[in-house]
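Heads up, query20.tsv below (TSV, C-alpha atoms):
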chain	number	residue	atom	x	y	z
A	126	GLN	CA	0.00	0.00	0.00
A	127	VAL	CA	1.08	3.57	-0.58
A	128	GLN	CA	2.77	5.15	2.41
A	129	LEU	CA	4.40	8.51	2.94
A	130	GLN	CA	6.47	8.46	6.12
A	131	GLN	CA	7.53	11.89	7.33
A	132	SER	CA	10.34	12.72	9.73
A	133	GLY	CA	9.74	13.64	13.35
A	134	ALA	CA	8.77	16.88	15.04
A	135	GLU	CA	11.30	19.69	15.07
A	136	LEU	CA	12.00	22.41	17.60
A	137	VAL	CA	14.25	24.98	15.97
A	138	LYS	CA	15.59	28.42	16.73
A	139	PRO	CA	14.60	31.58	14.87
A	140	GLY	CA	16.89	32.31	11.97
A	141	SER	CA	17.92	28.70	11.53
A	142	SER	CA	16.99	26.16	8.85
A	143	VAL	CA	15.34	22.76	8.99
A	144	LYS	CA	15.14	19.93	6.47
A	145	LEU	CA	12.06	17.71	6.52
A	146	SER	CA	11.88	14.34	4.82
A	147	CYS	CA	9.09	12.26	3.31
A	148	LYS	CA	9.89	8.64	2.42
A	149	ALA	CA	7.56	7.10	-0.16
A	150	SER	CA	6.75	3.42	-0.54
A	151	GLY	CA	4.19	1.28	-2.31
A	152	TYR	CA	4.40	3.01	-5.69
A	153	THR	CA	6.94	4.13	-8.27
A	154	PHE	CA	8.36	7.30	-6.74
A	155	THR	CA	9.31	8.87	-10.05
A	156	ASP	CA	5.87	8.41	-11.57
A	157	TYR	CA	4.10	11.02	-9.44
A	158	ALA	CA	4.78	14.55	-8.31
A	159	MET	CA	5.14	15.27	-4.60
A	160	LYS	CA	3.57	18.37	-3.20
A	161	TRP	CA	4.03	20.01	0.18
A	162	VAL	CA	1.34	21.75	2.21
A	163	LYS	CA	1.49	23.97	5.31
A	164	GLN	CA	-1.11	24.15	8.07
A	165	ARG	CA	-0.79	26.51	10.99
A	166	THR	CA	-2.55	25.47	14.19
A	167	GLY	CA	-6.30	25.85	13.83
A	168	GLN	CA	-5.92	27.26	10.31
A	169	GLY	CA	-6.50	26.13	6.75
A	170	LEU	CA	-4.18	24.57	4.20
A	171	GLU	CA	-1.59	26.32	2.04
A	172	TRP	CA	0.15	24.87	-0.98
A	173	ILE	CA	3.91	25.40	-0.75
A	174	GLY	CA	5.22	23.78	-3.90
A	175	VAL	CA	5.60	20.63	-5.93
A	176	ILE	CA	8.48	18.55	-7.24
A	177	ASP	CA	8.55	16.07	-10.10
A	178	PRO	CA	11.14	13.52	-8.91
A	179	GLU	CA	11.65	12.07	-12.38
A	180	ILE	CA	12.97	15.26	-13.93
A	181	ASP	CA	13.78	17.11	-10.71
A	182	ALA	CA	11.54	19.99	-11.73
A	183	THR	CA	9.99	22.21	-9.10
A	184	ALA	CA	7.27	24.83	-8.91
A	185	TYR	CA	6.65	27.03	-5.91
A	186	ASN	CA	3.92	29.20	-4.53
A	187	GLU	CA	5.43	32.69	-4.90
A	188	LYS	CA	4.82	33.18	-1.19
A	189	PHE	CA	7.28	30.40	-0.35
A	190	LYS	CA	10.03	31.22	-2.83
A	191	GLY	CA	13.19	31.81	-0.85
A	192	LYS	CA	11.62	30.09	2.16
A	193	ALA	CA	11.19	26.50	0.95
A	194	THR	CA	13.48	24.39	-1.21
A	195	LEU	CA	12.21	21.07	-2.53
A	196	THR	CA	14.48	18.21	-3.51
A	197	ALA	CA	14.11	14.49	-4.13
A	198	ASP	CA	16.43	11.50	-3.89
A	199	THR	CA	15.28	8.81	-6.28
A	200	SER	CA	17.76	6.28	-4.88
A	201	SER	CA	15.95	6.29	-1.54
A	202	ASN	CA	12.47	7.33	-2.73
A	203	THR	CA	12.60	10.30	-0.39
A	204	ALA	CA	11.45	13.87	-0.89
A	205	TYR	CA	12.83	16.71	1.15
A	206	MET	CA	11.77	20.23	2.00
A	207	GLU	CA	14.22	22.65	3.52
A	208	LEU	CA	12.85	25.73	5.25
A	209	SER	CA	15.26	28.58	5.81
A	210	ARG	CA	15.48	31.76	7.91
A	211	LEU	CA	12.81	30.43	10.21
A	212	THR	CA	10.49	32.75	12.14
A	213	SER	CA	7.47	32.15	14.34
A	214	GLU	CA	5.32	32.42	11.19
A	215	ASP	CA	6.87	29.14	10.03
A	216	SER	CA	5.62	27.22	13.08
A	217	ALA	CA	3.13	24.82	11.56
A	218	VAL	CA	2.45	21.26	10.52
A	219	TYR	CA	3.90	20.41	7.13
A	220	TYR	CA	2.53	17.62	4.98
A	221	CYS	CA	3.84	15.84	1.91
A	222	THR	CA	1.27	14.39	-0.47
A	223	SER	CA	1.45	12.36	-3.66
A	224	MET	CA	-1.00	10.31	-5.70
A	225	GLY	CA	-3.79	11.44	-3.40
A	226	TYR	CA	-2.06	10.03	-0.30
A	227	TRP	CA	-0.74	12.16	2.55
A	228	GLY	CA	2.03	11.80	5.07
A	229	GLN	CA	1.23	12.01	8.75
A	230	GLY	CA	2.55	15.56	8.92
A	231	VAL	CA	5.45	17.01	10.86
A	232	MET	CA	5.16	19.74	13.43
A	233	VAL	CA	7.81	22.44	13.21
A	234	THR	CA	8.04	24.78	16.18
A	235	VAL	CA	10.22	27.85	15.90
A	236	SER	CA	11.18	29.14	19.32
A	237	SER	CA	14.22	30.48	21.10
B	147	ASP	CA	-4.30	34.24	-7.12
B	148	VAL	CA	-7.45	32.16	-7.53
B	149	VAL	CA	-9.69	32.52	-4.49
B	150	LEU	CA	-11.91	29.57	-3.59
B	151	THR	CA	-14.86	30.57	-1.44
B	152	GLN	CA	-16.52	27.76	0.46
B	153	THR	CA	-20.00	28.02	1.91
B	154	PRO	CA	-21.20	27.46	4.48
B	155	VAL	CA	-18.31	27.86	6.89
B	156	ALA	CA	-20.04	25.41	9.25
B	157	GLN	CA	-22.74	22.89	8.44
B	158	PRO	CA	-24.60	21.38	11.39
B	159	VAL	CA	-26.12	18.04	10.42
B	160	THR	CA	-28.05	15.13	11.84
B	161	LEU	CA	-26.63	11.70	11.11
B	162	GLY	CA	-28.40	10.25	8.10
B	163	ASP	CA	-29.09	13.68	6.57
B	164	GLN	CA	-27.73	14.94	3.29
B	165	ALA	CA	-25.11	17.70	3.38
B	166	SER	CA	-24.02	20.00	0.61
B	167	ILE	CA	-20.92	22.20	0.42
B	168	SER	CA	-20.31	24.86	-2.22
B	169	CYS	CA	-16.95	25.96	-3.60
B	170	ARG	CA	-16.92	29.00	-5.86
B	171	SER	CA	-13.80	30.09	-7.69
B	172	SER	CA	-12.79	33.65	-8.59
B	173	GLN	CA	-12.10	32.41	-12.11
B	174	SER	CA	-12.86	29.42	-14.28
B	175	LEU	CA	-10.95	26.28	-13.31
B	176	VAL	CA	-10.94	24.82	-16.80
B	177	HIS	CA	-7.32	24.24	-17.74
B	178	SER	CA	-6.04	24.94	-21.25
B	179	ASN	CA	-5.82	21.15	-21.70
B	180	GLY	CA	-9.57	20.84	-21.10
B	181	ASN	CA	-9.33	19.29	-17.64
B	182	THR	CA	-10.71	20.90	-14.50
B	183	TYR	CA	-8.40	20.32	-11.55
B	184	LEU	CA	-10.79	20.72	-8.65
B	185	GLU	CA	-10.42	18.38	-5.68
B	186	TRP	CA	-12.16	17.84	-2.37
B	187	TYR	CA	-10.47	16.80	0.86
B	188	LEU	CA	-11.72	15.86	4.31
B	189	GLN	CA	-9.62	16.50	7.36
B	190	LYS	CA	-10.83	14.68	10.45
B	191	PRO	CA	-9.76	16.01	13.85
B	192	GLY	CA	-6.09	15.30	14.54
B	193	GLN	CA	-5.55	13.64	11.15
B	194	SER	CA	-3.99	14.44	7.80
B	195	PRO	CA	-6.35	15.53	5.04
B	196	GLN	CA	-7.64	12.72	2.83
B	197	LEU	CA	-8.55	12.98	-0.83
B	198	LEU	CA	-12.20	12.36	-1.60
B	199	ILE	CA	-12.77	13.69	-5.12
B	200	TYR	CA	-10.45	14.66	-7.96
B	201	LYS	CA	-11.15	16.40	-11.27
B	202	VAL	CA	-14.55	17.59	-10.04
B	203	SER	CA	-16.42	14.32	-9.83
B	204	ASN	CA	-14.08	11.33	-9.63
B	205	ARG	CA	-14.06	9.45	-6.35
B	206	PHE	CA	-10.64	8.49	-5.04
B	207	SER	CA	-9.87	4.86	-4.22
B	208	GLY	CA	-11.98	3.59	-1.33
B	209	VAL	CA	-14.23	6.66	-1.08
B	210	PRO	CA	-17.88	5.65	-0.51
B	211	ASP	CA	-20.39	6.47	-3.22
B	212	ARG	CA	-22.33	8.71	-0.83
B	213	PHE	CA	-19.75	11.38	-1.70
B	214	ILE	CA	-20.70	13.08	-4.97
B	215	GLY	CA	-18.76	15.90	-6.59
B	216	SER	CA	-20.26	18.04	-9.32
B	217	GLY	CA	-19.99	21.38	-11.03
B	218	SER	CA	-18.17	23.12	-13.82
B	219	GLY	CA	-16.35	26.33	-14.66
B	220	SER	CA	-16.17	28.19	-11.38
B	221	ASP	CA	-19.02	26.65	-9.40
B	222	PHE	CA	-18.64	23.31	-7.63
B	223	THR	CA	-20.51	21.26	-5.06
B	224	LEU	CA	-19.78	18.33	-2.81
B	225	LYS	CA	-22.83	16.41	-1.65
B	226	ILE	CA	-22.77	13.82	1.08
B	227	SER	CA	-25.85	11.70	1.24
B	228	ARG	CA	-26.70	9.98	4.52
B	229	VAL	CA	-23.99	11.56	6.69
B	230	GLU	CA	-22.22	9.04	8.92
B	231	PRO	CA	-20.14	9.75	12.06
B	232	GLU	CA	-16.86	9.22	10.18
B	233	ASP	CA	-17.81	12.02	7.75
B	234	LEU	CA	-17.49	14.72	10.40
B	235	GLY	CA	-14.57	17.11	10.07
B	236	VAL	CA	-13.42	19.97	7.86
B	237	TYR	CA	-13.85	19.80	4.10
B	238	TYR	CA	-11.58	21.72	1.75
B	239	CYS	CA	-11.78	22.29	-1.96
B	240	PHE	CA	-8.51	22.73	-3.84
B	241	GLN	CA	-7.62	23.89	-7.34
B	242	ALA	CA	-4.53	22.94	-9.31
B	243	THR	CA	-5.49	24.64	-12.58
B	244	HIS	CA	-3.90	28.02	-11.93
B	245	ASP	CA	-0.58	28.89	-10.31
B	246	PRO	CA	-0.43	29.17	-7.36
B	247	TRP	CA	-2.58	26.21	-6.48
B	248	THR	CA	-4.99	27.19	-3.72
B	249	PHE	CA	-7.32	25.76	-1.09
B	250	GLY	CA	-10.70	26.98	-0.02
B	251	GLY	CA	-11.11	28.19	3.54
B	252	GLY	CA	-12.83	25.04	4.72
B	253	THR	CA	-16.30	23.93	5.79
B	254	LYS	CA	-16.78	22.24	9.13
B	255	LEU	CA	-19.33	19.45	9.07
B	256	GLU	CA	-20.54	19.02	12.65
B	257	LEU	CA	-23.39	17.47	14.55
B	258	LYS	CA	-26.43	19.56	15.37
As structure tokens - that is how I would like this structure written.
Amino acid sequence: QVQLQQSGAELVKPGSSVKLSCKASGYTFTDYAMKWVKQRTGQGLEWIGVIDPEIDATAYNEKFKGKATLTADTSSNTAYMELSRLTSEDSAVYYCTSMGYWGQGVMVTVSS
Amino acid sequence: DVVLTQTPVAQPVTLGDQASISCRSSQSLVHSNGNTYLEWYLQKPGQSPQLLIYKVSNRFSGVPDRFIGSGSGSDFTLKISRVEPEDLGVYYCFQATHDPWTFGGGTKLELK
């Protein structure tokens, strides 16, 4: 069955960076794009960007350009999202999703 | 950016009733390739969103046939016939026709 296993919760300091992972299994990783979504506590969903692992092409929501960087490692079927220059506005749950399936989400808390 | 307006914001229901959620777009969601990339998601409390409907009216794998998506252009509806307890949560529409891809604000389906 399709599974997207995300890395664990992160507590990070303002101004730092964090790299989240999403390991895919149960399907051919390079056949489907992976998108990333942000959800602040009690809020709605925001699309961050998408990566096509086969051709390593990315597209970003303008709002997240310079904030998020999407990469993919086809040898390990893992997608990554790096968030940089973190502020309290980046504290949220981040999801990866592909083929209609979603990871369990990872909570990122930015605090000194 | 395309704005998706969902109504109502909250829908109180009795189990066994029908529920209907509207999603109106600020512009047509017909892509230049002829497809309409409008999806519906349900997020149950404490869980990741789950895909219900893609391309307006296609049920995702395992989604019961009491979920019916319809609409065209910029006006879409999700109907749930015979609401069951596991249907409660927040419903989101999502468009992937125009960049940036965007979500509606959500509709909470709750018990009366």
Please identify every residue of chain B that has at least one atom no farther than 12 Å from an atom of chain A, counting only C-alpha atoms, and for each give the shortest atom pair and the distance in Å to one decimal, arranged by chain then increasing number, as CSV.
residue,atom,partner,partner_atom,distance
B:Asp147,CA,A:Asn186,CA,10.0
B:Gln152,CA,A:Gly169,CA,11.9
B:Val155,CA,A:Gly169,CA,11.9
B:Glu185,CA,A:Gly225,CA,9.9
B:Trp186,CA,A:Gly225,CA,10.6
B:Tyr187,CA,A:Gly225,CA,9.6
B:Leu188,CA,A:Leu170,CA,11.5
B:Gln189,CA,A:Gly169,CA,10.1
B:Pro191,CA,A:Gly167,CA,10.4
B:Gly192,CA,A:Gln229,CA,9.9
B:Gln193,CA,A:Gln229,CA,7.4
B:Ser194,CA,A:Gln229,CA,5.8
B:Pro195,CA,A:Trp227,CA,7.0
B:Gln196,CA,A:Trp227,CA,6.9
B:Leu197,CA,A:Gly225,CA,5.6
B:Leu198,CA,A:Gly225,CA,8.6
B:Ile199,CA,A:Gly225,CA,9.4
B:Tyr200,CA,A:Gly225,CA,8.7
B:Lys201,CA,A:Gly225,CA,11.9
B:Arg205,CA,A:Gly225,CA,10.9
B:Phe206,CA,A:Gly225,CA,7.6
B:Ser207,CA,A:Gly225,CA,9.0
B:Gly208,CA,A:Gly225,CA,11.5
B:Val209,CA,A:Gly225,CA,11.7
B:Val236,CA,A:Gly169,CA,9.3
B:Tyr237,CA,A:Gly169,CA,10.1
B:Tyr238,CA,A:Leu170,CA,8.3
B:Cys239,CA,A:Leu170,CA,10.0
B:Phe240,CA,A:Leu170,CA,9.3
B:Gln241,CA,A:Trp172,CA,10.1
B:Ala242,CA,A:Trp172,CA,9.7
B:His244,CA,A:Asn186,CA,10.8
B:Asp245,CA,A:Asn186,CA,7.3
B:Pro246,CA,A:Asn186,CA,5.2
B:Trp247,CA,A:Trp172,CA,6.3
B:Thr248,CA,A:Trp172,CA,6.3
B:Phe249,CA,A:Leu170,CA,6.3
B:Gly250,CA,A:Gly169,CA,8.0
B:Gly251,CA,A:Gly169,CA,6.0
B:Gly252,CA,A:Gly169,CA,6.7
B:Thr253,CA,A:Gly169,CA,10.1
B:Lys254,CA,A:Gly169,CA,11.2
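Distances here use only C-alpha atoms; by that measure, the residue among B:Leu150, B:Leu257, B:Ile214, B:Val202 closest to Val176 (chain B) is B:Val202.
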Could you tell me how far CA of Ile180 (chain A) lies from CA of Ser201 (chain A), in Å and to one decimal?
15.6 Å
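Interatomic distance, CA of Ala193 (chain A) to CA of Tyr183 (chain B): 24.0 Å.
Among the candidate residues B:Pro158, B:Asn179, B:Ser166, B:Gln173, the one lying nearest to Ile226 (chain B) is B:Ser166, with distances computed using all atoms listed in the file.
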Quick one: residues within 6 Å of region 127-132 of chain A, all atoms listed in the file counted, chain neighbours fewer than 6 positions away excluded, as number ranges by chain?
A: 146-151, 228
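Taking CA of Gly219 (chain B) as the reference point, CA of Ser223 (chain A) is found at 25.2 Å.
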Enumerate, as an mmCIF file with C-alpha atoms, in the frame of the given file, the protein, DNA and RNA residues whose atoms approach (8.4, 34.2, 12.0) to within 10 Å, taking into account all atoms listed in the file and the coordinate frame of the file.
data_model
loop_
_atom_site.group_PDB
_atom_site.id
_atom_site.type_symbol
_atom_site.label_atom_id
_atom_site.label_comp_id
_atom_site.auth_asym_id
_atom_site.auth_seq_id
_atom_site.Cartn_x
_atom_site.Cartn_y
_atom_site.Cartn_z
ATOM 1 C CA PRO A 139 14.600 31.580 14.870
ATOM 2 C CA GLY A 140 16.890 32.310 11.970
ATOM 3 C CA ARG A 210 15.480 31.760 7.910
ATOM 4 C CA LEU A 211 12.810 30.430 10.210
ATOM 5 C CA THR A 212 10.490 32.750 12.140
ATOM 6 C CA SER A 213 7.470 32.150 14.340
ATOM 7 C CA GLU A 214 5.320 32.420 11.190
ATOM 8 C CA ASP A 215 6.870 29.140 10.030
ATOM 9 C CA SER A 216 5.620 27.220 13.080
ATOM 10 C CA VAL A 235 10.220 27.850 15.900
ATOM 11 C CA SER A 236 11.180 29.140 19.320
#
Considering all atoms listed in the file, return as a PyMOL selection string whatever protein or nucleic-acid residues lie within 8 Å of region 160-163 of chain B, sequence-local ones (same chain, fewer than 6 positions apart) excluded.
chain B and resi 227-231+257-258
Residues within 7 Å of Thr234 (chain A), please, as a list in words. Count all atoms listed in the file; anything in the same chain fewer than 5 positions from it doesn't count.
Glu135, Leu136, Val137, Ser216 and Ala217 of chain A
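If all atoms listed in the file are the atoms counted, then among B:Arg212, B:Thr243, B:Asp233, B:His177 the closest residue to Leu255 (chain B) is B:Asp233.
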Please write out, as JSON, where the centre of an axis-aligned box around all listed atoms of region 214-226 of chain A lies and how long its edges are, in Å to one decimal, after adding 3 Å on each side.
{"center_x": 1.5, "center_y": 21.2, "center_z": 3.7, "size_x": 16.7, "size_y": 28.4, "size_z": 24.8}
Pick the closest to Met159 (chain A) from A:Gly133, A:Ser141, A:Lys190, A:Met206: which is it, counting all atoms listed in the file?
A:Met206
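Once all atoms listed in the file are considered, the residues situated within 6 Å of the file point (15.1, 25.0, 8.4) turn out to be Ser141, Ser142, Val143, Lys144, Glu207, Leu208 and Ser209 of chain A.
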